[in-house]
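Data from target_27.tsv: TSV, C-alpha atoms
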```tsv
chain	number	residue	atom	x	y	z
A	283	MET	CA	58.64	15.70	22.52
A	284	PRO	CA	56.68	17.56	19.78
A	285	ALA	CA	53.59	15.78	18.52
A	286	ARG	CA	54.98	15.44	15.02
A	287	GLU	CA	58.06	13.56	16.29
A	288	LYS	CA	56.07	11.56	18.84
A	289	PHE	CA	53.80	10.25	16.10
A	290	PRO	CA	55.53	10.64	12.74
A	291	ARG	CA	53.24	11.29	9.79
A	292	GLY	CA	54.30	8.30	7.73
A	293	ILE	CA	53.82	5.89	10.58
A	294	ALA	CA	50.51	7.42	11.63
A	295	ARG	CA	49.03	6.95	8.15
A	296	GLY	CA	50.50	3.58	7.41
A	297	PRO	CA	48.25	0.87	8.74
A	298	ARG	CA	50.87	-1.79	8.26
A	299	LEU	CA	53.41	0.13	10.27
A	300	CYS	CA	51.16	1.31	13.06
A	301	SER	CA	48.37	-0.54	14.88
A	302	PHE	CA	44.92	1.02	15.20
A	303	ALA	CA	45.26	1.04	18.98
A	304	ALA	CA	48.37	3.17	18.78
A	305	MET	CA	46.71	5.90	16.66
A	306	PRO	CA	45.62	9.17	18.21
A	307	PHE	CA	41.87	9.53	18.77
A	308	ARG	CA	41.29	12.03	15.94
A	309	LEU	CA	42.99	9.78	13.43
A	310	LYS	CA	41.00	6.80	14.66
A	311	LEU	CA	37.85	8.91	14.29
A	312	ALA	CA	38.80	9.99	10.76
A	313	ASN	CA	39.54	6.42	9.68
A	314	GLY	CA	36.37	5.17	11.36
A	315	LEU	CA	34.29	7.80	9.58
A	316	ARG	CA	35.86	6.91	6.21
A	317	GLY	CA	35.20	3.24	6.82
A	318	ALA	CA	31.59	3.95	7.77
A	319	ALA	CA	31.17	6.15	4.67
A	320	LEU	CA	32.51	3.40	2.43
A	321	ALA	CA	30.34	0.79	4.15
A	322	LEU	CA	27.25	2.99	3.75
A	323	LEU	CA	27.99	3.66	0.09
A	324	VAL	CA	28.65	0.02	-0.75
A	325	GLY	CA	25.85	-1.27	1.49
A	326	GLY	CA	23.23	1.14	0.12
A	327	MET	CA	24.13	0.40	-3.47
A	328	GLY	CA	24.35	-3.31	-2.75
A	329	VAL	CA	20.91	-3.49	-1.11
A	330	TRP	CA	19.39	-1.47	-3.96
A	331	LEU	CA	20.95	-3.73	-6.60
A	332	ALA	CA	20.12	-6.91	-4.68
A	333	THR	CA	16.41	-5.99	-4.44
A	334	GLY	CA	16.09	-5.34	-8.15
A	335	ALA	CA	17.44	-1.79	-8.73
A	336	HIS	CA	13.90	-0.39	-8.53
A	337	LEU	CA	13.79	3.17	-9.92
A	338	GLY	CA	10.65	4.16	-7.98
A	339	PHE	CA	10.26	4.71	-4.26
A	340	THR	CA	10.85	1.98	-1.65
A	341	GLN	CA	8.13	-0.67	-1.44
A	342	THR	CA	7.31	-2.51	1.77
A	343	SER	CA	4.85	-4.92	0.21
A	344	MET	CA	5.02	-6.91	-2.99
A	345	VAL	CA	2.38	-8.18	-5.35
A	346	THR	CA	2.32	-11.58	-6.97
A	347	MET	CA	-0.35	-12.32	-9.54
A	348	LYS	CA	-2.45	-15.46	-9.15
A	349	ARG	CA	-5.28	-16.92	-11.19
A	350	ASP	CA	-8.63	-18.09	-9.89
A	351	GLU	CA	-9.21	-21.44	-11.58
A	352	ILE	CA	-12.98	-21.22	-11.87
A	353	THR	CA	-13.42	-17.63	-13.03
A	354	GLY	CA	-10.05	-17.22	-14.77
A	355	ILE	CA	-9.58	-13.91	-12.95
A	356	ASP	CA	-5.99	-12.80	-12.43
A	357	TYR	CA	-5.77	-11.25	-8.99
A	358	PRO	CA	-2.97	-9.63	-7.02
A	359	GLU	CA	-1.86	-11.16	-3.76
A	360	ARG	CA	-0.05	-8.60	-1.64
A	361	ARG	CA	2.44	-9.77	0.97
A	362	PRO	CA	5.06	-8.01	3.08
A	363	GLY	CA	8.37	-7.58	1.31
A	364	PHE	CA	11.12	-5.02	0.87
A	365	VAL	CA	12.20	-3.49	-2.41
A	366	ALA	CA	14.68	-0.65	-1.99
A	367	GLY	CA	13.71	2.43	-3.98
A	368	ILE	CA	15.95	4.98	-5.68
A	369	GLU	CA	16.01	7.06	-2.48
A	370	PHE	CA	17.93	4.23	-0.80
A	371	PRO	CA	21.26	4.49	-2.72
A	372	LEU	CA	20.83	8.28	-3.00
A	373	GLY	CA	20.24	8.62	0.74
A	374	THR	CA	23.12	6.37	1.73
A	375	ALA	CA	25.41	8.15	-0.79
A	376	GLY	CA	24.44	11.47	0.78
A	377	ALA	CA	25.15	10.14	4.27
A	378	ALA	CA	28.47	8.71	3.02
A	379	ILE	CA	29.48	12.13	1.64
A	380	VAL	CA	28.67	13.75	5.00
A	381	LEU	CA	30.75	11.15	6.86
A	382	ALA	CA	33.64	11.55	4.40
A	383	LEU	CA	33.61	15.34	4.90
A	384	LEU	CA	33.55	14.85	8.67
A	385	SER	CA	36.50	12.49	8.37
A	386	LEU	CA	38.44	15.15	6.45
A	387	ALA	CA	37.64	17.70	9.14
A	388	ALA	CA	38.77	15.28	11.85
A	389	ASP	CA	41.93	14.48	9.93
A	390	ARG	CA	42.73	18.17	9.40
A	391	ARG	CA	42.51	18.83	13.12
A	392	ASN	CA	44.91	15.99	13.74
A	393	PRO	CA	48.14	17.55	14.88
A	394	ALA	CA	50.04	14.63	13.37
A	395	ALA	CA	48.55	15.21	9.91
B	163	MET	CA	-61.53	-32.88	-19.14
B	164	LYS	CA	-59.05	-33.84	-16.44
B	165	ILE	CA	-57.04	-35.88	-18.90
B	166	HIS	CA	-56.95	-32.88	-21.23
B	167	HIS	CA	-55.43	-30.72	-18.47
B	168	LEU	CA	-52.92	-33.42	-17.52
B	169	ALA	CA	-51.80	-33.64	-21.13
B	170	ARG	CA	-51.05	-29.92	-21.04
B	171	LEU	CA	-49.02	-30.17	-17.81
B	172	PRO	CA	-45.68	-31.13	-19.41
B	173	LEU	CA	-46.05	-28.25	-21.86
B	174	LEU	CA	-46.83	-25.90	-19.00
B	175	LEU	CA	-43.84	-27.10	-16.98
B	176	ALA	CA	-41.58	-26.79	-20.01
B	177	ALA	CA	-42.82	-23.25	-20.58
B	178	LEU	CA	-42.21	-22.40	-16.92
B	179	GLY	CA	-38.76	-23.90	-17.14
B	180	LEU	CA	-37.95	-21.85	-20.24
B	181	SER	CA	-39.19	-18.65	-18.66
B	182	ALA	CA	-37.10	-19.37	-15.55
B	183	GLN	CA	-34.08	-19.98	-17.78
B	184	ALA	CA	-34.63	-16.76	-19.65
B	185	ALA	CA	-35.30	-14.60	-16.61
B	186	PRO	CA	-32.66	-12.00	-15.77
B	187	LEU	CA	-30.29	-13.09	-13.04
B	188	THR	CA	-29.03	-10.77	-10.34
B	189	PHE	CA	-25.36	-11.30	-9.55
B	190	ASP	CA	-23.95	-10.19	-6.22
B	191	PHE	CA	-20.34	-8.97	-6.51
B	192	LYS	CA	-19.46	-9.17	-2.84
B	193	ASP	CA	-16.56	-11.60	-3.00
B	194	PRO	CA	-15.66	-13.57	0.13
B	195	LYS	CA	-12.64	-15.08	-1.66
B	196	GLY	CA	-11.00	-11.68	-2.15
B	197	VAL	CA	-10.34	-12.34	-5.81
B	198	ASN	CA	-12.31	-9.41	-7.25
B	199	ASN	CA	-9.92	-6.60	-7.91
B	200	VAL	CA	-9.23	-3.35	-9.65
B	201	GLN	CA	-5.68	-2.45	-10.58
B	202	PHE	CA	-4.60	1.08	-11.34
B	203	ASN	CA	-1.49	2.43	-13.00
B	204	LEU	CA	-0.24	5.97	-13.23
B	205	ASP	CA	2.79	6.35	-15.46
B	206	ALA	CA	4.35	9.73	-14.63
B	207	PRO	CA	7.82	10.83	-15.85
B	208	LEU	CA	9.41	10.41	-12.40
B	209	GLU	CA	7.39	7.53	-10.98
B	210	SER	CA	5.22	4.72	-12.22
B	211	ILE	CA	2.62	4.01	-9.55
B	212	THR	CA	0.80	0.69	-9.56
B	213	GLY	CA	-1.80	-0.18	-6.98
B	214	THR	CA	-4.76	-2.37	-6.24
B	215	GLY	CA	-8.21	-2.24	-4.70
B	216	THR	CA	-10.15	-5.25	-3.52
B	217	GLY	CA	-13.14	-3.91	-1.57
B	218	ILE	CA	-15.67	-4.49	-4.31
B	219	SER	CA	-19.42	-4.92	-3.92
B	220	GLY	CA	-22.58	-4.21	-5.89
B	221	SER	CA	-24.93	-6.13	-8.12
B	222	VAL	CA	-25.59	-6.61	-11.82
B	223	THR	CA	-28.76	-7.87	-13.44
B	224	PHE	CA	-27.83	-9.87	-16.50
B	225	ASP	CA	-30.00	-11.86	-18.88
B	226	PRO	CA	-27.99	-14.19	-21.13
B	227	ALA	CA	-30.83	-14.07	-23.66
B	228	GLN	CA	-30.95	-10.26	-23.59
B	229	PRO	CA	-27.53	-8.96	-22.59
B	230	ALA	CA	-28.32	-5.48	-23.91
B	231	ALA	CA	-30.74	-5.07	-21.01
B	232	THR	CA	-27.97	-5.45	-18.43
B	233	LYS	CA	-28.11	-3.01	-15.53
B	234	GLY	CA	-26.16	-2.71	-12.34
B	235	LYS	CA	-23.91	-0.85	-10.00
B	236	ILE	CA	-20.37	-1.68	-8.86
B	237	ILE	CA	-18.97	-0.09	-5.72
B	238	LEU	CA	-15.31	0.11	-4.71
B	239	ASP	CA	-14.41	0.82	-1.09
B	240	THR	CA	-11.74	3.53	-1.39
B	241	LYS	CA	-10.12	2.42	1.88
B	242	SER	CA	-9.13	-0.82	0.14
B	243	LEU	CA	-6.98	1.04	-2.41
B	244	THR	CA	-3.31	0.55	-1.73
B	245	VAL	CA	0.17	0.81	-3.21
B	246	GLY	CA	3.49	-0.76	-2.21
B	247	ASN	CA	4.88	2.32	-0.47
B	248	PRO	CA	3.10	3.01	2.85
B	249	MET	CA	3.73	6.77	2.75
B	250	MET	CA	2.39	6.95	-0.78
B	251	ALA	CA	-0.65	4.90	0.29
B	252	ASP	CA	-1.33	7.41	3.08
B	253	HIS	CA	-1.07	10.29	0.60
B	254	LEU	CA	-3.36	8.46	-1.84
B	255	ARG	CA	-6.07	8.11	0.82
B	256	GLY	CA	-5.47	11.57	2.26
B	257	GLY	CA	-7.52	14.73	1.84
B	258	ASN	CA	-5.43	16.11	-1.03
B	259	TRP	CA	-5.98	13.07	-3.21
B	260	LEU	CA	-8.88	10.60	-2.82
B	261	ASP	CA	-10.04	11.88	0.59
B	262	VAL	CA	-11.38	8.48	1.60
B	263	ALA	CA	-12.68	9.77	4.94
B	264	ASN	CA	-15.24	11.91	3.14
B	265	HIS	CA	-15.59	9.85	-0.04
B	266	PRO	CA	-15.62	6.20	1.05
B	267	ALA	CA	-16.74	4.77	-2.31
B	268	ILE	CA	-16.07	4.94	-6.02
B	269	THR	CA	-19.16	3.82	-7.93
B	270	PHE	CA	-20.02	2.93	-11.48
B	271	GLU	CA	-23.66	2.62	-12.47
B	272	ALA	CA	-24.42	1.02	-15.83
B	273	VAL	CA	-27.12	2.86	-17.73
B	274	SER	CA	-27.12	1.26	-21.18
B	275	LEU	CA	-25.22	-1.17	-23.38
B	276	THR	CA	-24.35	-0.58	-27.02
B	277	ASN	CA	-22.38	-2.48	-29.65
B	278	VAL	CA	-23.30	-5.79	-28.01
B	279	ARG	CA	-21.51	-8.83	-29.49
B	280	THR	CA	-22.14	-12.34	-28.23
B	281	GLN	CA	-19.71	-15.18	-28.80
B	282	GLY	CA	-20.57	-18.36	-26.91
B	283	ASN	CA	-20.89	-17.46	-23.25
B	284	VAL	CA	-18.96	-14.21	-23.67
B	285	VAL	CA	-20.67	-10.89	-24.34
B	286	ASN	CA	-18.65	-7.83	-25.29
B	287	ALA	CA	-20.27	-4.43	-25.13
B	288	GLU	CA	-19.75	-0.74	-24.65
B	289	VAL	CA	-21.29	0.10	-21.31
B	290	ALA	CA	-22.42	3.68	-20.83
B	291	GLY	CA	-22.72	4.68	-17.23
B	292	LYS	CA	-22.07	7.13	-14.46
B	293	LEU	CA	-18.71	6.98	-12.71
B	294	THR	CA	-18.48	8.77	-9.37
B	295	VAL	CA	-15.05	9.48	-7.92
B	296	LYS	CA	-14.48	11.83	-4.97
B	297	GLY	CA	-18.05	13.06	-5.21
B	298	VAL	CA	-17.83	14.02	-8.89
B	299	THR	CA	-20.05	12.09	-11.32
B	300	LYS	CA	-19.16	11.82	-15.00
B	301	ASP	CA	-20.82	9.97	-17.88
B	302	ILE	CA	-18.32	7.55	-19.40
B	303	LYS	CA	-18.30	4.63	-21.82
B	304	VAL	CA	-16.37	1.53	-20.89
B	305	PRO	CA	-15.68	-1.58	-23.00
B	306	VAL	CA	-16.73	-4.53	-20.85
B	307	SER	CA	-16.66	-8.27	-21.40
B	308	PHE	CA	-19.27	-10.37	-19.58
B	309	THR	CA	-18.52	-14.07	-19.22
B	310	HIS	CA	-21.51	-16.09	-18.07
B	311	LEU	CA	-20.57	-19.32	-16.29
B	312	PRO	CA	-23.75	-21.35	-15.68
B	313	ASP	CA	-23.79	-23.69	-12.68
B	314	LYS	CA	-20.23	-22.81	-11.62
B	315	LEU	CA	-21.02	-21.32	-8.22
B	316	GLY	CA	-20.69	-24.67	-6.45
B	317	ALA	CA	-17.22	-25.22	-7.90
B	318	ARG	CA	-16.17	-21.74	-6.83
B	319	VAL	CA	-17.24	-22.19	-3.22
B	320	ASN	CA	-16.08	-25.84	-3.16
B	321	ASP	CA	-19.56	-27.06	-2.30
B	322	ALA	CA	-21.38	-29.11	-4.95
B	323	LYS	CA	-24.67	-28.60	-3.12
B	324	VAL	CA	-24.56	-24.87	-3.84
B	325	LYS	CA	-26.27	-24.17	-7.15
B	326	GLY	CA	-25.94	-21.01	-9.13
B	327	ASP	CA	-24.25	-19.10	-11.90
B	328	LEU	CA	-21.23	-16.84	-12.05
B	329	LEU	CA	-20.77	-13.71	-14.11
B	330	VAL	CA	-17.23	-12.46	-14.74
B	331	LEU	CA	-16.75	-8.85	-15.78
B	332	ARG	CA	-13.52	-7.54	-17.25
B	333	ALA	CA	-12.86	-3.95	-18.26
B	334	ASN	CA	-9.79	-1.90	-19.14
B	335	PHE	CA	-10.18	1.83	-19.47
B	336	THR	CA	-8.59	5.14	-18.59
B	337	ILE	CA	-9.84	8.18	-16.73
B	338	ASN	CA	-8.35	11.59	-16.18
B	339	ARG	CA	-7.93	12.55	-12.53
B	340	ALA	CA	-8.50	16.20	-13.37
B	341	ASP	CA	-12.05	15.33	-14.52
B	342	PHE	CA	-12.82	14.27	-10.96
B	343	GLY	CA	-11.16	17.20	-9.23
B	344	ILE	CA	-8.18	15.19	-7.98
B	345	GLN	CA	-5.36	17.75	-7.80
B	346	PRO	CA	-5.92	18.92	-11.40
B	347	GLY	CA	-2.69	19.99	-13.05
B	348	LYS	CA	-0.62	19.42	-9.91
B	349	ASN	CA	2.38	17.11	-9.37
B	350	THR	CA	2.10	15.82	-12.92
B	351	ASP	CA	5.80	14.88	-12.92
B	352	LYS	CA	5.20	12.36	-10.11
B	353	VAL	CA	1.50	11.52	-10.46
B	354	ALA	CA	0.22	11.03	-14.00
B	355	GLU	CA	-2.95	12.82	-15.09
B	356	THR	CA	-4.20	9.68	-16.80
B	357	ILE	CA	-5.14	6.68	-14.66
B	358	GLN	CA	-5.27	3.27	-16.34
B	359	LEU	CA	-7.82	1.01	-14.68
B	360	SER	CA	-8.18	-2.72	-15.04
B	361	LEU	CA	-11.23	-4.34	-13.47
B	362	SER	CA	-11.65	-8.11	-13.01
B	363	ILE	CA	-14.62	-9.15	-10.91
B	364	ALA	CA	-16.94	-12.10	-10.53
B	365	GLY	CA	-20.48	-12.08	-9.22
B	366	ALA	CA	-22.63	-14.94	-8.01
B	367	ALA	CA	-26.33	-15.64	-8.58
B	368	PRO	CA	-27.36	-18.51	-6.29
B	369	LYS	CA	-30.31	-20.65	-7.30
B	370	ALA	CA	-32.85	-21.65	-4.71
```
Final C-alpha cells representation of the file:
Amino acid sequence: MPAREKFPRGIARGPRLCSFAAMPFRLKLANGLRGAALALLVGGMGVWLATGAHLGFTQTSMVTMKRDEITGIDYPERRPGFVAGIEFPLGTAGAAIVLALLSLAADRRNPAA
Amino acid sequence: MKIHHLARLPLLLAALGLSAQAAPLTFDFKDPKGVNNVQFNLDAPLESITGTGTGISGSVTFDPAQPAATKGKIILDTKSLTVGNPMMADHLRGGNWLDVANHPAITFEAVSLTNVRTQGNVVNAEVAGKLTVKGVTKDIKVPVSFTHLPDKLGARVNDAKVKGDLLVLRANFTINRADFGIQPGKNTDKVAETIQLSLSIAGAAPKA
C-alpha cells in the first residue's frame, strides 16, 4: 500500500483522530520539536518575567541594602540568587526558532505530509 | 610650698585632660564587621552596571577641634570589587579593565581640606587628594562628610569595656575611567565613561 494511503494526511495531522504512538517517526519528531520550541519560548519568557524582567545581563547574586545601627552606614549584603537577564528570553527564543525550523524540515521529509 | 603645688594639681590635670581631648585621633578603617563599602555605578546606553567593593583599609587622623587639619589614606582592595554577573566580574578584574593582578589597590590620599563647615558632630568639607587607580594618580576634589561619634566604639563591637570613638566618612563623586587609562573611548555603549562612586566607611580610634 502506498505511504499516503497507509497513513492518510488528515489522520496523520489530527491528534484527536490518531494517537501519538501510531504516528510515523518523522512526524513524531516534528511534533516533538515544535513542542520543545514552544516550551522553550514560553519557559524562557516566563523565567525572565518571573525574575523581574531585568533588562541587563543575568545576575547570579543579589544585593540587599542593610543599615548599621551604630554608624548609620547603609551597606550591601550580597547573597546568591538568580535574576534572568535579557539574554535569557533572547537565547531561548533563538533556540526555539532553530527547533521550529528543524521541525519544518522533519515534517517536509515526512512522506505522509 | 608643697601645698602650693598640690593646689595646682587639679588645674594641671584639667589642662592635661583638655589637651588629650583636643589631640588628633587616628582612626583605623579596617572593618571586621564588613560594613565599610564603596558602591559604583556605570550607566551606559546598553547596560547599567552596579557593583560593590568591601575590602577597605587605611587610616585617617582627625581632630574634632581642628577638622581642617585632617589627613589620611584610604585603600580599597581591587579584588573585593564585584558585580552580580560572574562573567562581568571576571572581565572587571581582568587585564583589560582594572587588572587587579598587577594593581591590587585603589588609593585615595587626603592632602588638604577646604570649605570646612561644622554642624554638631558632622563636618562637611571639600577634600583635595590624590586618587590612584590602575597605577595612574590624579589630583581630585571630593565632597566628604565626617561624622564623629565619641565613645561609640564599644556599642559597635558589642563590648562596653571597649572605649573609643568612631569616625564615619561619606562621599559621593564621579570619576572618568579614561583619566585612569581604563579602556579609554572603548565599549562606551556597554561600559559608561563616567563612574559614580559612593563611599560609606567607618573607622575606629580605640582609647587605652
Separation of atom CA of B:Val273 and atom CA of B:Lys300, in Å?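 Answer for the atom CA of B:Val273 to atom CA of B:Lys300 separation: 12.3 Å.
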So how many Å separate atom CA of B:Thr269 and atom CA of B:Thr299, to one decimal? 9.0 Å
Tell me which protein, DNA and RNA residues are within 8 Å of A:Ala312, counting all atoms listed in the file, leaving out same-chain ones fewer than 2 positions away, and put them as a PyMOL selection string. chain A and resi 308-310+314-316+384-389
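For the pair atom CA of B:Ile357 and atom CA of A:Arg360, the separation is 20.7 Å.
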For the contact check between chain A and chain B, emit one row per residue of chain A within 12 Å, containing the shortest atom pair and the distance in Å rounded to one decimal, counting all atoms listed in the file, chain then rising number order, as a tab-separated table.
```
residue	atom	partner	partner_atom	distance
A:His336	CA	B:Glu209	CA	10.5
A:Leu337	CA	B:Glu209	CA	7.8
A:Gly338	CA	B:Glu209	CA	5.6
A:Phe339	CA	B:Asn247	CA	7.0
A:Thr340	CA	B:Asn247	CA	6.1
A:Gln341	CA	B:Asn247	CA	4.5
A:Thr342	CA	B:Gly246	CA	5.8
A:Ser343	CA	B:Gly246	CA	5.0
A:Met344	CA	B:Gly246	CA	6.4
A:Val345	CA	B:Gly246	CA	8.1
A:Thr346	CA	B:Thr214	CA	11.6
A:Met347	CA	B:Val197	CA	10.7
A:Lys348	CA	B:Val197	CA	9.1
A:Arg349	CA	B:Val197	CA	8.7
A:Asp350	CA	B:Val197	CA	7.3
A:Glu351	CA	B:Arg318	CA	8.4
A:Ile352	CA	B:Arg318	CA	6.0
A:Thr353	CA	B:Val330	CA	6.6
A:Gly354	CA	B:Val330	CA	8.6
A:Ile355	CA	B:Ser362	CA	6.2
A:Asp356	CA	B:Ser362	CA	7.4
A:Tyr357	CA	B:Val197	CA	5.7
A:Pro358	CA	B:Thr214	CA	7.5
A:Glu359	CA	B:Val197	CA	8.8
A:Arg360	CA	B:Gly246	CA	8.6
A:Arg361	CA	B:Gly246	CA	9.6
A:Pro362	CA	B:Gly246	CA	9.1
A:Gly363	CA	B:Gly246	CA	9.1
A:Phe364	CA	B:Gly246	CA	9.3
A:Val365	CA	B:Gly246	CA	9.1
A:Ala366	CA	B:Asn247	CA	10.4
A:Gly367	CA	B:Asn247	CA	9.5
A:Ile368	CA	B:Glu209	CA	10.4
```
